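Novice: Quick one: structure below, then a few questions.
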Amino acid sequence: MTPEEYERWHVRTCARCGRRAAKSAEWSDGPICRTCYERAMRVRGCCPGCRTDRLLPGRNDAGAPVCRDCAGITRNFLCDRCGFEGPLLGRRLCERCTLADTLGRLLDDGTGRVAPSLQPLVNALLEMDRPKSRLIWLRNPNVVRLLRDLATGTVPLTHDGLHQETPWRTVVHLRDLLMDSGVLPRVDRQLMLYQRWLNERLATIEDPEHRRHLQHFAVWHQMRRLRSKAEKGPLGRSQTSQTKQEITQAGAFLTWLADRGRTIEH
């Protein structure tokens, strides 16, 4: 198809926003562009024409949102599975049913069903508003990999198991969802971020004795102190920032001693 043919057959002036764009629908008020179509498919309320509470994609003569029946829209927006009236995706399923199928595939433990340990996560995601945002999140290849690995046991379904995974922002968000849904026990977020930072920091230290000293300092002093504070309330970013600075200064002190032929024991 040439650009001229595409323009002639598919591009129209939208009846609602006035832009020249590809037509997504032809409703009673005229051609509708994709942006206006998607916006219309999010409008719900009591139709002023028939007084029913439902999707209101159409417009009456006054420009007020009305249901498809009152607007004369012939297209059916009912999900073929659950009957919800709203945006339809593949196989004429609503976003929530599509989300359920997507989660079912990603969290299959090899038996053809969702791993039982992850069912609370599925329930929580399906109960959230705007399932479309969850579907967009599930397009992320890192999210797909993590969910599949958790379902099959490749990645242990524990905080320690997730500590080893990357990228950290994706892991943090997934961990929050797992804690909110009760799959994992709740742990202070700043404390977990500090533990991840500490592991990465220790991995950069070449001297094994320096690494051992810093690890002991972190585990037996810093972590005990942070956990004690976390039990009383959520940690602030400034508290973990100070703890990171302590590790940095301790590492610099060990290097200073080594440069002078000394160790922390002598």
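Ordering of the structure tokens sets the chain letters (A, B, ...); residue numbers start at 1 within each chain; ligands are numbered from 1 in the order shown.
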Using only C-alpha atoms, which protein or nucleic acid residues come within 10 Å of segment 159-161 of chain A? Drop anything in the same chain fewer than 5 positions from it, and give the result as a PyMOL selection string.
Specialist: chain A and resi 150+154+175+178-179+184-187+192+195-196
Novice: If you keep N, CA and C atoms, can you produce a file of those selected residues as a tab-separated table (two decimals), in the first residue's frame?
Specialist:
```
chain	number	residue	atom	x	y	z
A	150	LEU	N	10.67	-17.99	39.00
A	150	LEU	CA	10.08	-18.18	40.32
A	150	LEU	C	9.06	-19.32	40.29
A	154	THR	N	13.53	-22.17	39.52
A	154	THR	CA	14.89	-21.82	39.10
A	154	THR	C	15.47	-20.74	40.00
A	175	ARG	N	9.38	-7.63	44.24
A	175	ARG	CA	9.43	-8.01	45.65
A	175	ARG	C	8.33	-7.31	46.44
A	178	LEU	N	5.17	-9.14	45.83
A	178	LEU	CA	5.16	-10.42	46.53
A	178	LEU	C	4.90	-10.23	48.03
A	179	MET	N	5.42	-9.16	48.60
A	179	MET	CA	5.17	-8.88	50.01
A	179	MET	C	3.74	-8.40	50.22
A	184	LEU	N	5.68	-13.35	50.19
A	184	LEU	CA	6.90	-13.23	50.96
A	184	LEU	C	6.63	-12.44	52.23
A	185	PRO	N	7.34	-12.75	53.31
A	185	PRO	CA	7.17	-11.97	54.54
A	185	PRO	C	7.64	-10.54	54.32
A	186	ARG	N	7.03	-9.61	55.01
A	186	ARG	CA	7.37	-8.20	54.81
A	186	ARG	C	8.71	-7.88	55.46
A	187	VAL	N	9.56	-7.23	54.69
A	187	VAL	CA	10.88	-6.78	55.15
A	187	VAL	C	11.02	-5.33	54.74
A	192	MET	N	16.46	-3.86	52.56
A	192	MET	CA	16.76	-4.75	51.44
A	192	MET	C	17.65	-4.07	50.41
A	195	GLN	N	21.14	-4.10	51.68
A	195	GLN	CA	21.77	-5.41	51.56
A	195	GLN	C	22.25	-5.65	50.13
A	196	ARG	N	21.46	-5.23	49.17
A	196	ARG	CA	21.86	-5.40	47.77
A	196	ARG	C	23.09	-4.55	47.47
```
Novice: Please provide the set of residues having any atom within 10 Å of segment 25-28 of chain A, restricted to only C-alpha atoms, with same-chain residues fewer than 2 positions apart removed, written as a ChimeraX atom specification.
Specialist: /A:14-15,22-23,30-34,36-37,57-60,68,71-75
Novice: Which is closest to Arg134 of chain A among A:Arg54, A:Arg44, A:Arg113, A:Arg96, if we use only C-alpha atoms?
Specialist: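 Going through A:Arg54, A:Arg44, A:Arg113, A:Arg96 one by one, the smallest distance to Arg134 of chain A is for A:Arg96.
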Novice: Can you tell me which residues surround segment 249-261 of chain A at a distance of at most 12 Å, considering only C-alpha atoms, apart from same-chain residues fewer than 4 positions away, and format the answer as a ChimeraX atom specification?
Specialist: /A:201-202,204-218,242-245,265-266
Novice: Provide the atom CA of Val171 of chain A to atom CA of Leu138 of chain A distance in Å, to one decimal place.
Specialist: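 Computing it gives 13.3 Å between the two atoms.
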Novice: Among segment 5-239 of chain A, which residues does DSSP mark as strand (DSSP E) when it is run on the backbone? Keep the chain and numbering as in the structure and answer as a list in words.
Specialist: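 So, restricting segment 5-239 of chain A to strand (DSSP E), we get Val11, Arg12, Thr13, Arg20, Ala21, Ala22, Lys23, Ser24, Ala25, Glu26, Trp27, Gly30, Pro31, Ile32, Cys33, Arg44, Gly45, Cys46, Asp53, Arg54, Leu55, Gly58, Arg59, Pro65 and Val66 of chain A.
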Novice: Tell me which of A:Ala64, A:Leu135, A:Leu191, A:Leu121 sits closest to Gly49 of chain A, counting only C-alpha atoms.
Specialist: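 Closest residue, counting only C-alpha atoms: A:Ala64.
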Novice: Hey, which of A:Leu146, A:Leu107, A:Leu56, A:Leu193 ends up closest to Leu226 of chain A? Count only C-alpha atoms.
Specialist: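 Nearest candidate to Leu226 of chain A out of A:Leu146, A:Leu107, A:Leu56, A:Leu193: A:Leu193.
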Novice: Please indicate the distance in Å from atom CA of Ala100 of chain A to atom CA of Leu126 of chain A, rounded to one decimal place.
Specialist: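 The value is 6.9 Å.
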Novice: Which is closest to Tyr6 of chain A among A:Ala21, A:Val114, A:Arg227, A:Thr35, if we use only C-alpha atoms?
Specialist: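 Among the listed residues, A:Ala21 lies closest to Tyr6 of chain A.
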